[in-house]
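The file target13.cif contains mmCIF, C-alpha atoms and all ligand atoms:
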```
data_my_file
loop_
_atom_site.group_PDB
_atom_site.id
_atom_site.type_symbol
_atom_site.label_atom_id
_atom_site.label_comp_id
_atom_site.auth_asym_id
_atom_site.auth_seq_id
_atom_site.Cartn_x
_atom_site.Cartn_y
_atom_site.Cartn_z
ATOM 1 C CA MET A 1 -95.389 -5.971 97.240
ATOM 2 C CA ARG A 2 -91.692 -5.597 96.471
ATOM 3 C CA ILE A 3 -91.286 -9.390 96.548
ATOM 4 C CA CYS A 4 -94.211 -9.782 94.127
ATOM 5 C CA LEU A 5 -92.589 -7.342 91.708
ATOM 6 C CA LEU A 6 -89.290 -9.215 91.944
ATOM 7 C CA VAL A 7 -91.060 -12.524 91.298
ATOM 8 C CA LEU A 8 -92.871 -11.026 88.275
ATOM 9 C CA LEU A 9 -89.592 -9.600 86.952
ATOM 10 C CA PHE A 10 -87.885 -12.986 87.421
ATOM 11 C CA CYS A 11 -90.736 -14.742 85.590
ATOM 12 C CA ALA A 12 -90.594 -12.221 82.721
ATOM 13 C CA CYS A 13 -86.834 -12.757 82.368
ATOM 14 C CA GLN A 14 -87.286 -16.535 82.467
ATOM 15 C CA ALA A 15 -89.952 -16.331 79.743
ATOM 16 C CA ASN A 16 -87.346 -14.915 77.349
ATOM 17 C CA ALA A 17 -84.532 -17.155 78.485
ATOM 18 C CA GLN A 18 -82.535 -19.657 76.492
ATOM 19 C CA ARG A 19 -83.646 -23.099 77.639
ATOM 20 C CA PRO A 20 -83.218 -26.776 76.659
ATOM 21 C CA VAL A 21 -85.604 -28.105 74.051
ATOM 22 C CA ASP A 22 -88.274 -30.392 75.520
ATOM 23 C CA TYR A 23 -89.134 -33.299 73.232
ATOM 24 C CA SER A 24 -91.253 -35.059 75.884
ATOM 25 C CA GLY A 25 -94.630 -34.112 74.414
ATOM 26 C CA GLN A 26 -93.702 -35.374 70.971
ATOM 27 C CA LEU A 27 -92.089 -38.531 72.338
ATOM 28 C CA ALA A 28 -95.238 -39.290 74.319
ATOM 29 C CA ALA A 29 -97.258 -38.844 71.137
ATOM 30 C CA GLY A 30 -95.147 -41.380 69.244
ATOM 31 C CA TYR A 31 -92.336 -39.300 67.729
ATOM 32 C CA GLU A 32 -89.568 -41.746 66.756
ATOM 33 C CA LEU A 33 -86.719 -39.912 65.019
ATOM 34 C CA GLY A 34 -84.756 -39.194 68.178
ATOM 35 C CA VAL A 35 -83.480 -36.014 69.746
ATOM 36 C CA ILE A 36 -80.575 -33.586 69.423
ATOM 37 C CA PRO A 37 -78.995 -33.716 72.896
ATOM 38 C CA GLY A 38 -78.374 -30.252 74.304
ATOM 39 C CA LEU A 39 -80.477 -28.412 71.720
ATOM 40 C CA GLN A 40 -81.563 -25.034 73.065
ATOM 41 C CA THR A 41 -84.450 -22.771 72.222
ATOM 42 C CA LEU A 42 -85.805 -19.321 72.974
ATOM 43 C CA ASP A 43 -89.409 -18.791 73.980
ATOM 44 C CA ASN A 44 -91.747 -17.606 71.219
ATOM 45 C CA ALA A 45 -88.874 -17.425 68.745
ATOM 46 C CA LEU A 46 -89.001 -17.693 64.958
ATOM 47 C CA ASN A 47 -87.145 -20.979 64.345
ATOM 48 C CA PHE A 48 -85.685 -22.193 61.074
ATOM 49 C CA ALA A 49 -82.844 -24.312 59.664
ATOM 50 C CA VAL A 50 -80.220 -23.367 57.064
ATOM 51 C CA ILE A 51 -78.579 -25.921 54.752
ATOM 52 C CA GLY A 52 -76.549 -25.546 51.584
ATOM 53 C CA ASP A 53 -74.785 -27.452 48.800
ATOM 54 C CA TRP A 54 -76.750 -30.651 49.208
ATOM 55 C CA GLY A 55 -78.406 -32.466 46.274
ATOM 56 C CA ARG A 56 -76.309 -35.578 45.658
ATOM 57 C CA GLN A 57 -78.918 -38.336 45.569
ATOM 58 C CA GLY A 58 -78.514 -38.975 49.265
ATOM 59 C CA GLU A 59 -74.794 -39.680 49.007
ATOM 60 C CA PHE A 60 -71.851 -37.946 50.691
ATOM 61 C CA HIS A 61 -73.791 -38.069 54.006
ATOM 62 C CA GLN A 62 -76.694 -36.048 52.617
ATOM 63 C CA ARG A 63 -79.146 -38.496 54.232
ATOM 64 C CA GLU A 64 -77.446 -38.285 57.630
ATOM 65 C CA VAL A 65 -77.607 -34.490 57.589
ATOM 66 C CA ALA A 66 -81.282 -34.669 56.588
ATOM 67 C CA LEU A 67 -82.115 -36.896 59.552
ATOM 68 C CA GLN A 68 -80.405 -34.602 62.055
ATOM 69 C CA MET A 69 -82.048 -31.544 60.519
ATOM 70 C CA ALA A 70 -85.432 -33.239 60.920
ATOM 71 C CA LYS A 71 -84.641 -33.882 64.615
ATOM 72 C CA ALA A 72 -83.637 -30.256 65.113
ATOM 73 C CA MET A 73 -86.734 -28.951 63.351
ATOM 74 C CA ALA A 74 -88.854 -31.233 65.533
ATOM 75 C CA GLY A 75 -87.173 -29.997 68.695
ATOM 76 C CA LEU A 76 -87.448 -26.334 67.817
ATOM 77 C CA GLY A 77 -90.847 -26.508 66.170
ATOM 78 C CA GLY A 78 -89.140 -25.020 63.130
ATOM 79 C CA SER A 79 -91.218 -22.994 60.692
ATOM 80 C CA PHE A 80 -89.138 -23.305 57.531
ATOM 81 C CA ILE A 81 -85.822 -24.208 55.936
ATOM 82 C CA ILE A 82 -83.518 -21.937 53.944
ATOM 83 C CA SER A 83 -81.362 -23.451 51.211
ATOM 84 C CA THR A 84 -78.272 -21.410 50.411
ATOM 85 C CA GLY A 85 -77.993 -22.856 46.894
ATOM 86 C CA ASP A 86 -76.230 -25.538 44.869
ATOM 87 C CA ASN A 87 -79.459 -27.413 45.349
ATOM 88 C CA ILE A 88 -78.933 -30.109 42.736
ATOM 89 C CA TYR A 89 -75.511 -31.471 41.750
ATOM 90 C CA PRO A 90 -73.727 -31.690 39.508
ATOM 91 C CA GLN A 91 -75.656 -29.687 36.910
ATOM 92 C CA GLY A 92 -78.952 -28.530 38.355
ATOM 93 C CA VAL A 93 -82.131 -29.984 36.870
ATOM 94 C CA ALA A 94 -83.322 -30.304 33.289
ATOM 95 C CA SER A 95 -87.020 -29.754 34.010
ATOM 96 C CA VAL A 96 -89.650 -29.911 36.743
ATOM 97 C CA GLN A 97 -89.965 -33.624 35.911
ATOM 98 C CA ASP A 98 -86.241 -34.324 36.238
ATOM 99 C CA PRO A 99 -85.837 -37.502 38.374
ATOM 100 C CA LEU A 100 -83.216 -35.662 40.425
ATOM 101 C CA TRP A 101 -86.045 -33.817 42.184
ATOM 102 C CA GLN A 102 -87.060 -37.179 43.610
ATOM 103 C CA SER A 103 -83.638 -38.713 44.267
ATOM 104 C CA SER A 104 -81.871 -35.596 45.566
ATOM 105 C CA PHE A 105 -84.706 -33.712 47.292
ATOM 106 C CA GLU A 106 -88.044 -35.435 47.893
ATOM 107 C CA GLN A 107 -86.732 -38.865 48.915
ATOM 108 C CA VAL A 108 -83.867 -37.520 51.010
ATOM 109 C CA TYR A 109 -85.789 -34.853 52.945
ATOM 110 C CA HIS A 110 -88.842 -37.052 53.421
ATOM 111 C CA HIS A 111 -89.291 -36.584 57.172
ATOM 112 C CA ALA A 112 -92.479 -34.989 58.448
ATOM 113 C CA TRP A 113 -90.634 -32.066 60.028
ATOM 114 C CA LEU A 114 -88.948 -31.290 56.723
ATOM 115 C CA GLN A 115 -92.315 -30.947 54.979
ATOM 116 C CA ARG A 116 -92.133 -27.290 55.930
ATOM 117 C CA ASP A 117 -91.585 -24.439 53.510
ATOM 118 C CA TRP A 118 -88.195 -24.471 51.830
ATOM 119 C CA TYR A 119 -86.967 -21.060 50.649
ATOM 120 C CA ALA A 120 -84.230 -21.708 48.112
ATOM 121 C CA ILE A 121 -81.787 -19.690 46.056
ATOM 122 C CA LEU A 122 -79.578 -20.549 43.101
ATOM 123 C CA GLY A 123 -75.954 -21.680 43.278
ATOM 124 C CA ASN A 124 -73.480 -21.990 40.446
ATOM 125 C CA HIS A 125 -74.222 -25.700 39.977
ATOM 126 C CA ASP A 126 -77.895 -24.880 39.564
ATOM 127 C CA TYR A 127 -76.902 -22.595 36.698
ATOM 128 C CA TYR A 128 -75.503 -25.551 34.753
ATOM 129 C CA GLY A 129 -79.087 -26.757 34.378
ATOM 130 C CA ASN A 130 -82.477 -25.212 33.714
ATOM 131 C CA VAL A 131 -82.843 -22.329 36.164
ATOM 132 C CA ASP A 132 -86.477 -21.696 35.225
ATOM 133 C CA ALA A 133 -87.272 -25.308 36.180
ATOM 134 C CA GLN A 134 -86.090 -24.617 39.737
ATOM 135 C CA ILE A 135 -88.397 -21.602 39.849
ATOM 136 C CA ASP A 136 -91.297 -23.532 38.293
ATOM 137 C CA TYR A 137 -90.908 -26.453 40.711
ATOM 138 C CA GLY A 138 -92.500 -24.188 43.305
ATOM 139 C CA LYS A 139 -95.722 -24.333 41.286
ATOM 140 C CA ILE A 140 -96.039 -28.116 41.693
ATOM 141 C CA SER A 141 -94.459 -28.536 45.137
ATOM 142 C CA ARG A 142 -96.135 -27.538 48.374
ATOM 143 C CA ARG A 143 -92.842 -26.841 50.100
ATOM 144 C CA TRP A 144 -90.384 -25.597 47.438
ATOM 145 C CA HIS A 145 -90.340 -21.806 47.187
ATOM 146 C CA MET A 146 -88.287 -19.958 44.609
ATOM 147 C CA PRO A 147 -90.729 -17.507 43.099
ATOM 148 C CA ALA A 148 -87.994 -15.767 41.101
ATOM 149 C CA ARG A 149 -84.210 -15.574 40.797
ATOM 150 C CA TYR A 150 -84.353 -13.086 43.677
ATOM 151 C CA TYR A 151 -87.202 -12.330 46.051
ATOM 152 C CA THR A 152 -88.088 -11.143 49.550
ATOM 153 C CA MET A 153 -90.423 -12.000 52.405
ATOM 154 C CA LYS A 154 -91.197 -10.883 55.934
ATOM 155 C CA LYS A 155 -91.802 -13.181 58.888
ATOM 156 C CA GLN A 156 -93.582 -12.168 62.058
ATOM 157 C CA LEU A 157 -91.942 -12.169 65.481
ATOM 158 C CA SER A 158 -93.621 -11.940 68.850
ATOM 159 C CA GLY A 159 -94.564 -8.410 69.899
ATOM 160 C CA GLY A 160 -95.420 -7.186 66.401
ATOM 161 C CA LYS A 161 -91.863 -7.047 65.073
ATOM 162 C CA LYS A 162 -90.720 -8.675 61.840
ATOM 163 C CA VAL A 163 -87.702 -10.195 60.127
ATOM 164 C CA GLN A 164 -87.080 -9.080 56.562
ATOM 165 C CA PHE A 165 -85.476 -11.814 54.449
ATOM 166 C CA VAL A 166 -83.912 -10.975 51.095
ATOM 167 C CA PHE A 167 -82.976 -13.869 48.815
ATOM 168 C CA LEU A 168 -80.409 -13.118 46.102
ATOM 169 C CA ASP A 169 -79.002 -14.726 42.986
ATOM 170 C CA THR A 170 -75.309 -13.971 43.418
ATOM 171 C CA ASN A 171 -74.116 -15.890 40.351
ATOM 172 C CA GLY A 172 -74.113 -12.790 38.201
ATOM 173 C CA LEU A 173 -71.769 -11.066 40.660
ATOM 174 C CA GLU A 174 -68.960 -13.590 40.023
ATOM 175 C CA ASN A 175 -66.867 -12.166 37.195
ATOM 176 C CA GLY A 176 -65.244 -15.485 36.320
ATOM 177 C CA TYR A 177 -68.531 -17.165 35.470
ATOM 178 C CA TYR A 178 -68.926 -15.017 32.365
ATOM 179 C CA ASN A 179 -66.012 -16.979 30.856
ATOM 180 C CA ASP A 180 -67.716 -20.325 31.494
ATOM 181 C CA PRO A 181 -69.533 -21.376 28.303
ATOM 182 C CA GLU A 182 -71.855 -23.642 30.309
ATOM 183 C CA MET A 183 -73.093 -20.696 32.372
ATOM 184 C CA THR A 184 -73.272 -17.839 29.925
ATOM 185 C CA ALA A 185 -76.690 -18.803 28.498
ATOM 186 C CA GLU A 186 -78.382 -18.562 31.888
ATOM 187 C CA LEU A 187 -76.256 -15.609 33.048
ATOM 188 C CA SER A 188 -77.292 -13.652 29.971
ATOM 189 C CA LYS A 189 -80.884 -13.744 31.261
ATOM 190 C CA GLN A 190 -79.796 -11.818 34.374
ATOM 191 C CA ASP A 191 -79.577 -8.075 34.841
ATOM 192 C CA THR A 192 -77.225 -7.793 37.794
ATOM 193 C CA THR A 193 -77.485 -4.014 37.896
ATOM 194 C CA ALA A 194 -81.255 -4.292 38.193
ATOM 195 C CA GLN A 195 -80.919 -6.865 40.972
ATOM 196 C CA LEU A 196 -78.601 -4.644 43.009
ATOM 197 C CA ARG A 197 -80.968 -1.700 42.506
ATOM 198 C CA TRP A 198 -83.838 -3.926 43.687
ATOM 199 C CA LEU A 199 -81.743 -5.013 46.701
ATOM 200 C CA ARG A 200 -81.196 -1.378 47.736
ATOM 201 C CA GLU A 201 -84.866 -0.544 47.252
ATOM 202 C CA THR A 202 -85.954 -3.623 49.207
ATOM 203 C CA LEU A 203 -83.616 -2.947 52.134
ATOM 204 C CA ALA A 204 -84.723 0.697 52.159
ATOM 205 C CA ASP A 205 -88.185 -0.468 53.290
ATOM 206 C CA THR A 206 -89.088 1.908 56.120
ATOM 207 C CA ASP A 207 -91.614 -0.449 57.742
ATOM 208 C CA PRO A 208 -90.993 0.383 61.434
ATOM 209 C CA THR A 209 -91.777 -3.190 62.466
ATOM 210 C CA ILE A 210 -88.699 -4.570 60.678
ATOM 211 C CA GLN A 211 -86.381 -5.528 63.524
ATOM 212 C CA TRP A 212 -83.887 -7.747 61.691
ATOM 213 C CA ARG A 213 -82.626 -7.815 58.130
ATOM 214 C CA VAL A 214 -81.314 -11.142 56.794
ATOM 215 C CA VAL A 215 -79.804 -11.433 53.303
ATOM 216 C CA VAL A 216 -79.238 -14.839 51.693
ATOM 217 C CA GLY A 217 -76.822 -15.412 48.786
ATOM 218 C CA HIS A 218 -74.934 -18.484 47.604
ATOM 219 C CA HIS A 219 -71.504 -16.869 47.468
ATOM 220 C CA PRO A 220 -69.687 -15.846 50.659
ATOM 221 C CA LEU A 221 -68.342 -12.345 51.204
ATOM 222 C CA TYR A 222 -66.036 -13.781 53.832
ATOM 223 C CA THR A 223 -64.794 -17.339 54.134
ATOM 224 C CA ALA A 224 -62.041 -19.247 55.869
ATOM 225 C CA GLY A 225 -62.401 -22.151 53.453
ATOM 226 C CA LYS A 226 -61.514 -23.166 49.915
ATOM 227 C CA ARG A 227 -62.554 -19.874 48.283
ATOM 228 C CA VAL A 228 -60.680 -17.698 50.780
ATOM 229 C CA ALA A 229 -58.824 -15.790 48.049
ATOM 230 C CA ILE A 230 -61.645 -15.237 45.563
ATOM 231 C CA THR A 231 -64.492 -13.561 47.418
ATOM 232 C CA GLY A 232 -63.452 -10.079 46.262
ATOM 233 C CA PRO A 233 -65.899 -9.511 43.366
ATOM 234 C CA VAL A 234 -68.990 -10.477 45.365
ATOM 235 C CA ARG A 235 -67.811 -8.684 48.502
ATOM 236 C CA SER A 236 -67.065 -5.439 46.684
ATOM 237 C CA LYS A 237 -70.581 -5.329 45.252
ATOM 238 C CA LEU A 238 -72.603 -6.481 48.265
ATOM 239 C CA GLU A 239 -70.739 -5.307 51.371
ATOM 240 C CA PRO A 240 -71.371 -1.565 50.861
ATOM 241 C CA ILE A 241 -75.094 -2.337 50.638
ATOM 242 C CA LEU A 242 -75.090 -4.600 53.713
ATOM 243 C CA ASN A 243 -73.277 -1.865 55.615
ATOM 244 C CA GLN A 244 -75.522 0.960 54.384
ATOM 245 C CA PHE A 245 -78.681 -0.801 55.507
ATOM 246 C CA LYS A 246 -77.145 -2.392 58.615
ATOM 247 C CA VAL A 247 -78.004 -5.918 57.556
ATOM 248 C CA ASP A 248 -77.804 -8.127 60.630
ATOM 249 C CA VAL A 249 -77.116 -11.506 59.044
ATOM 250 C CA TYR A 250 -75.748 -12.757 55.712
ATOM 251 C CA LEU A 251 -76.383 -16.457 55.037
ATOM 252 C CA CYS A 252 -74.405 -18.260 52.329
ATOM 253 C CA GLY A 253 -72.864 -21.552 51.217
ATOM 254 C CA HIS A 254 -70.584 -22.398 48.254
ATOM 255 C CA ASP A 255 -67.650 -23.538 50.394
ATOM 256 C CA HIS A 256 -68.479 -27.009 51.681
ATOM 257 C CA ASP A 257 -68.085 -26.529 55.392
ATOM 258 C CA LEU A 258 -69.665 -24.692 58.339
ATOM 259 C CA GLN A 259 -68.482 -21.225 59.327
ATOM 260 C CA TYR A 260 -69.298 -18.146 61.382
ATOM 261 C CA ASN A 261 -67.352 -15.097 60.286
ATOM 262 C CA LYS A 262 -67.553 -11.664 61.893
ATOM 263 C CA PRO A 263 -65.596 -8.992 60.074
ATOM 264 C CA ALA A 264 -65.884 -5.330 61.023
ATOM 265 C CA GLY A 265 -69.292 -3.889 60.329
ATOM 266 C CA PRO A 266 -72.844 -4.668 61.349
ATOM 267 C CA THR A 267 -73.247 -8.048 59.620
ATOM 268 C CA HIS A 268 -72.779 -11.558 61.031
ATOM 269 C CA HIS A 269 -71.789 -13.939 58.215
ATOM 270 C CA PHE A 270 -72.880 -17.572 58.518
ATOM 271 C CA LEU A 271 -71.742 -20.084 55.884
ATOM 272 C CA SER A 272 -73.769 -23.313 55.777
ATOM 273 C CA GLY A 273 -72.552 -25.321 52.800
ATOM 274 C CA ALA A 274 -72.083 -28.786 54.270
ATOM 275 C CA GLY A 275 -75.246 -30.581 53.154
ATOM 276 C CA SER A 276 -73.310 -33.306 51.331
ATOM 277 C CA GLU A 277 -69.809 -33.448 49.782
ATOM 278 C CA LEU A 278 -67.139 -31.682 51.846
ATOM 279 C CA SER A 279 -64.137 -29.514 50.989
ATOM 280 C CA ASN A 280 -62.246 -29.031 54.209
ATOM 281 C CA VAL A 281 -59.611 -26.362 53.490
ATOM 282 C CA PRO A 282 -59.386 -24.291 56.655
ATOM 283 C CA HIS A 283 -57.559 -20.984 56.980
ATOM 284 C CA GLN A 284 -57.448 -18.957 60.168
ATOM 285 C CA MET A 285 -58.586 -15.547 59.007
ATOM 286 C CA PRO A 286 -59.028 -12.326 61.002
ATOM 287 C CA TRP A 287 -62.806 -12.642 60.642
ATOM 288 C CA SER A 288 -62.983 -16.325 61.650
ATOM 289 C CA VAL A 289 -65.064 -17.113 64.720
ATOM 290 C CA PHE A 290 -65.971 -20.714 63.954
ATOM 291 C CA TYR A 291 -64.857 -23.152 61.251
ATOM 292 C CA LYS A 292 -65.473 -26.870 60.920
ATOM 293 C CA GLY A 293 -65.105 -28.976 57.791
ATOM 294 C CA VAL A 294 -67.792 -31.534 58.577
ATOM 295 C CA ASN A 295 -71.270 -32.294 57.283
ATOM 296 C CA GLY A 296 -74.079 -30.434 58.970
ATOM 297 C CA PHE A 297 -76.429 -27.474 59.035
ATOM 298 C CA MET A 298 -77.450 -24.552 61.259
ATOM 299 C CA THR A 299 -80.540 -23.514 63.164
ATOM 300 C CA PHE A 300 -81.662 -19.994 64.004
ATOM 301 C CA SER A 301 -84.087 -18.948 66.740
ATOM 302 C CA ILE A 302 -84.953 -15.259 66.506
ATOM 303 C CA GLN A 303 -86.567 -13.057 69.146
ATOM 304 C CA PRO A 304 -87.060 -9.300 68.809
ATOM 305 C CA ASP A 305 -83.906 -8.473 70.787
ATOM 306 C CA LYS A 306 -81.593 -11.432 70.132
ATOM 307 C CA PHE A 307 -81.060 -14.563 68.103
ATOM 308 C CA LEU A 308 -79.623 -17.968 68.896
ATOM 309 C CA VAL A 309 -77.595 -19.876 66.310
ATOM 310 C CA GLN A 310 -76.686 -23.539 66.698
ATOM 311 C CA ILE A 311 -74.355 -25.389 64.326
ATOM 312 C CA ILE A 312 -75.070 -29.128 64.242
ATOM 313 C CA ASP A 313 -73.192 -31.969 62.535
ATOM 314 C CA ALA A 314 -74.373 -35.096 60.709
ATOM 315 C CA LYS A 315 -74.225 -37.130 63.911
ATOM 316 C CA GLY A 316 -76.454 -34.708 65.789
ATOM 317 C CA ALA A 317 -73.666 -33.146 67.859
ATOM 318 C CA ILE A 318 -73.953 -29.434 68.536
ATOM 319 C CA LEU A 319 -70.624 -27.970 67.430
ATOM 320 C CA TYR A 320 -71.239 -24.324 68.256
ATOM 321 C CA THR A 321 -73.879 -22.244 70.021
ATOM 322 C CA LYS A 322 -74.014 -18.466 70.137
ATOM 323 C CA LEU A 323 -76.587 -16.012 71.461
ATOM 324 C CA ILE A 324 -76.249 -12.712 69.604
ATOM 325 C CA PRO A 325 -78.015 -9.550 70.820
ATOM 326 C CA LYS A 326 -79.438 -6.962 68.447
ATOM 327 C CA GLY A 327 -76.529 -4.725 67.542
HETATM 328 FE FE FE B 401 -71.344 -23.278 44.793
#
```
Can the structure in the file be given as structure tokens, please?
Ligand SMILES: [Fe+2]
Amino acid sequence: MRICLLVLLFCACQANAQRPVDYSGQLAAGYELGVIPGLQTLDNALNFAVIGDWGRQGEFHQREVALQMAKAMAGLGGSFIISTGDNIYPQGVASVQDPLWQSSFEQVYHHAWLQRDWYAILGNHDYYGNVDAQIDYGKISRRWHMPARYYTMKKQLSGGKKVQFVFLDTNGLENGYYNDPEMTAELSKQDTTAQLRWLRETLADTDPTIQWRVVVGHHPLYTAGKRVAITGPVRSKLEPILNQFKVDVYLCGHDHDLQYNKPAGPTHHFLSGAGSELSNVPHQMPWSVFYKGVNGFMTFSIQPDKFLVQIIDAKGAILYTKLIPKG
């Protein structure tokens, strides 16, 4: 009897364990893209990829990153992709018919496993174009989702728990942008005070099934890269809110590299801004855990009590893996 209980306990532990991804079923069925060697997964996890700062008509290694992200999504059985903004360089899009949608998005991320839902936010380069066109593109695309400048959604985990995602438009929090004549027209349509009030109200959701809170914004609160000295305005406005509501994860881009930063407080900060052109300007900061100035993206696998993050480069090498328990 005691042995049976031990065997059951062992099996239960194994069922939740981190384990290598098995591509064999897909390969047998004719999958041809290739694999990410060493990719790990968690059983029954919510899997998704995070990419930022990408739309450059396939150039600056955008296509290579896309291919590896497709392989990772295939391996994990990924549900969706989060874009941390600066979707279309250099100046956003002019309309929903702008050819850049084809050359910088549709034709680059053409792989079957990237025909999943994309949840996107706005970066500063998107503000140089027609912001409403990025929102409206979701009405003619099956996979592009940007229902508003800021929005929220919940995703189900195993066991009845949920992840609350909150997608922000952080452009209005950057004081310097109000002096940029090319941005003021679009910025004037924003009510930043209203957005921050909405953020507090959204995070105050008392739904007892919310297990994780993930906030997504283009601008980092913490970076070890190019913008290391200028994160103050965004940090001062957002960090008190992330702390108050014990936000687990903040996803961002803007600096063109890959980072994991863990300052004091409840929030893990992941910067995924290496979808195309790079800006490798590393600083060793007190909050730095991981920094690499190479092209790539990240994957997240979330269970109710822990999540697994993997940072992957444009050659398909896994640069960093971390299993983080619920704090
Ligand atoms: Fe940016």
May I have a table of the residues of chain A lying at most 12 Å from ligand FE 401 (chain B), giving each one's closest pair of atoms and their distance in Å to one decimal, counting all atoms listed in the file, ordered by chain and ascending residue number, as a Markdown table?
```
| residue | atom | partner | partner_atom | distance |
| --- | --- | --- | --- | --- |
| A:Gly52 | CA | B:FE401 | FE | 8.9 |
| A:Asp53 | CA | B:FE401 | FE | 6.7 |
| A:Trp54 | CA | B:FE401 | FE | 10.2 |
| A:Gly55 | CA | B:FE401 | FE | 11.7 |
| A:Ser83 | CA | B:FE401 | FE | 11.9 |
| A:Thr84 | CA | B:FE401 | FE | 9.1 |
| A:Gly85 | CA | B:FE401 | FE | 7.0 |
| A:Asp86 | CA | B:FE401 | FE | 5.4 |
| A:Asn87 | CA | B:FE401 | FE | 9.1 |
| A:Ile88 | CA | B:FE401 | FE | 10.4 |
| A:Tyr89 | CA | B:FE401 | FE | 9.7 |
| A:Pro90 | CA | B:FE401 | FE | 10.2 |
| A:Gln91 | CA | B:FE401 | FE | 11.0 |
| A:Gly92 | CA | B:FE401 | FE | 11.3 |
| A:Ile121 | CA | B:FE401 | FE | 11.1 |
| A:Leu122 | CA | B:FE401 | FE | 8.8 |
| A:Gly123 | CA | B:FE401 | FE | 5.1 |
| A:Asn124 | CA | B:FE401 | FE | 5.0 |
| A:His125 | CA | B:FE401 | FE | 6.1 |
| A:Asp126 | CA | B:FE401 | FE | 8.5 |
| A:Tyr127 | CA | B:FE401 | FE | 9.8 |
| A:Tyr128 | CA | B:FE401 | FE | 11.1 |
| A:Asp169 | CA | B:FE401 | FE | 11.6 |
| A:Thr170 | CA | B:FE401 | FE | 10.2 |
| A:Asn171 | CA | B:FE401 | FE | 9.1 |
| A:Glu174 | CA | B:FE401 | FE | 11.1 |
| A:Tyr177 | CA | B:FE401 | FE | 11.5 |
| A:Gly217 | CA | B:FE401 | FE | 10.4 |
| A:His218 | CA | B:FE401 | FE | 6.6 |
| A:His219 | CA | B:FE401 | FE | 6.9 |
| A:Pro220 | CA | B:FE401 | FE | 9.6 |
| A:Lys226 | CA | B:FE401 | FE | 11.1 |
| A:Arg227 | CA | B:FE401 | FE | 10.1 |
| A:Cys252 | CA | B:FE401 | FE | 9.6 |
| A:Gly253 | CA | B:FE401 | FE | 6.8 |
| A:His254 | CA | B:FE401 | FE | 3.7 |
| A:Asp255 | CA | B:FE401 | FE | 6.7 |
| A:His256 | CA | B:FE401 | FE | 8.3 |
| A:Asp257 | CA | B:FE401 | FE | 11.6 |
| A:Leu271 | CA | B:FE401 | FE | 11.5 |
| A:Ser272 | CA | B:FE401 | FE | 11.2 |
| A:Gly273 | CA | B:FE401 | FE | 8.4 |
| A:Ala274 | CA | B:FE401 | FE | 11.0 |
| A:Gly275 | CA | B:FE401 | FE | 11.8 |
| A:Glu277 | CA | B:FE401 | FE | 11.4 |
| A:Leu278 | CA | B:FE401 | FE | 11.7 |
| A:Ser279 | CA | B:FE401 | FE | 11.4 |
```
Open item on the list: For the provided coordinates, the residues matched by the PyMOL selection byres (((chain A and resi 262) around 7) and not hetatm) should be stated as number ranges by chain.
Closed with: A: 260-261, 263-264, 268-269, 287-289
TODO: Using all atoms listed in the file, find the one residue out of A:Ala70, A:Val96, A:Ala314, A:Ile82 that sits nearest to Ser141 of chain A.
DONE: A:Val96
Open item on the list: Taking the file as I've supplied it (selection: the PyMOL selection byres (((chain A and resi 243) around 12) and not hetatm)), which residues are included? Please answer as a ChimeraX atom specification.
Closed with: /A:200,203,213,215,235-242,244-250,263-268
For the selection you just gave me, I'd like the residues written to a file as a PDB file, keeping the file's coordinate frame, keeping C-alpha atoms.
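And here is the file that came out, result-v8.pdb:
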```pdb
ATOM      1  CA  ARG A 200     -81.196  -1.378  47.736  1.00  0.00           C
ATOM      2  CA  LEU A 203     -83.616  -2.947  52.134  1.00  0.00           C
ATOM      3  CA  ARG A 213     -82.626  -7.815  58.130  1.00  0.00           C
ATOM      4  CA  VAL A 215     -79.804 -11.433  53.303  1.00  0.00           C
ATOM      5  CA  ARG A 235     -67.811  -8.684  48.502  1.00  0.00           C
ATOM      6  CA  SER A 236     -67.065  -5.439  46.684  1.00  0.00           C
ATOM      7  CA  LYS A 237     -70.581  -5.329  45.252  1.00  0.00           C
ATOM      8  CA  LEU A 238     -72.603  -6.481  48.265  1.00  0.00           C
ATOM      9  CA  GLU A 239     -70.739  -5.307  51.371  1.00  0.00           C
ATOM     10  CA  PRO A 240     -71.371  -1.565  50.861  1.00  0.00           C
ATOM     11  CA  ILE A 241     -75.094  -2.337  50.638  1.00  0.00           C
ATOM     12  CA  LEU A 242     -75.090  -4.600  53.713  1.00  0.00           C
ATOM     13  CA  GLN A 244     -75.522   0.960  54.384  1.00  0.00           C
ATOM     14  CA  PHE A 245     -78.681  -0.801  55.507  1.00  0.00           C
ATOM     15  CA  LYS A 246     -77.145  -2.392  58.615  1.00  0.00           C
ATOM     16  CA  VAL A 247     -78.004  -5.918  57.556  1.00  0.00           C
ATOM     17  CA  ASP A 248     -77.804  -8.127  60.630  1.00  0.00           C
ATOM     18  CA  VAL A 249     -77.116 -11.506  59.044  1.00  0.00           C
ATOM     19  CA  TYR A 250     -75.748 -12.757  55.712  1.00  0.00           C
ATOM     20  CA  PRO A 263     -65.596  -8.992  60.074  1.00  0.00           C
ATOM     21  CA  ALA A 264     -65.884  -5.330  61.023  1.00  0.00           C
ATOM     22  CA  GLY A 265     -69.292  -3.889  60.329  1.00  0.00           C
ATOM     23  CA  PRO A 266     -72.844  -4.668  61.349  1.00  0.00           C
ATOM     24  CA  THR A 267     -73.247  -8.048  59.620  1.00  0.00           C
ATOM     25  CA  HIS A 268     -72.779 -11.558  61.031  1.00  0.00           C
TER      26      HIS A 268
END
```
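Here atom CA of Pro181 of chain A stands at a distance of 27.3 Å from atom CA of Phe105 of chain A.
For the file at hand, the PyMOL selection byres (((chain A and resi 300) around 7) and not hetatm) resolves to Asn47, Phe48, Ala49, Met298, Thr299, Ser301, Ile302, Phe307, Leu308, Val309 and Gln310 of chain A.
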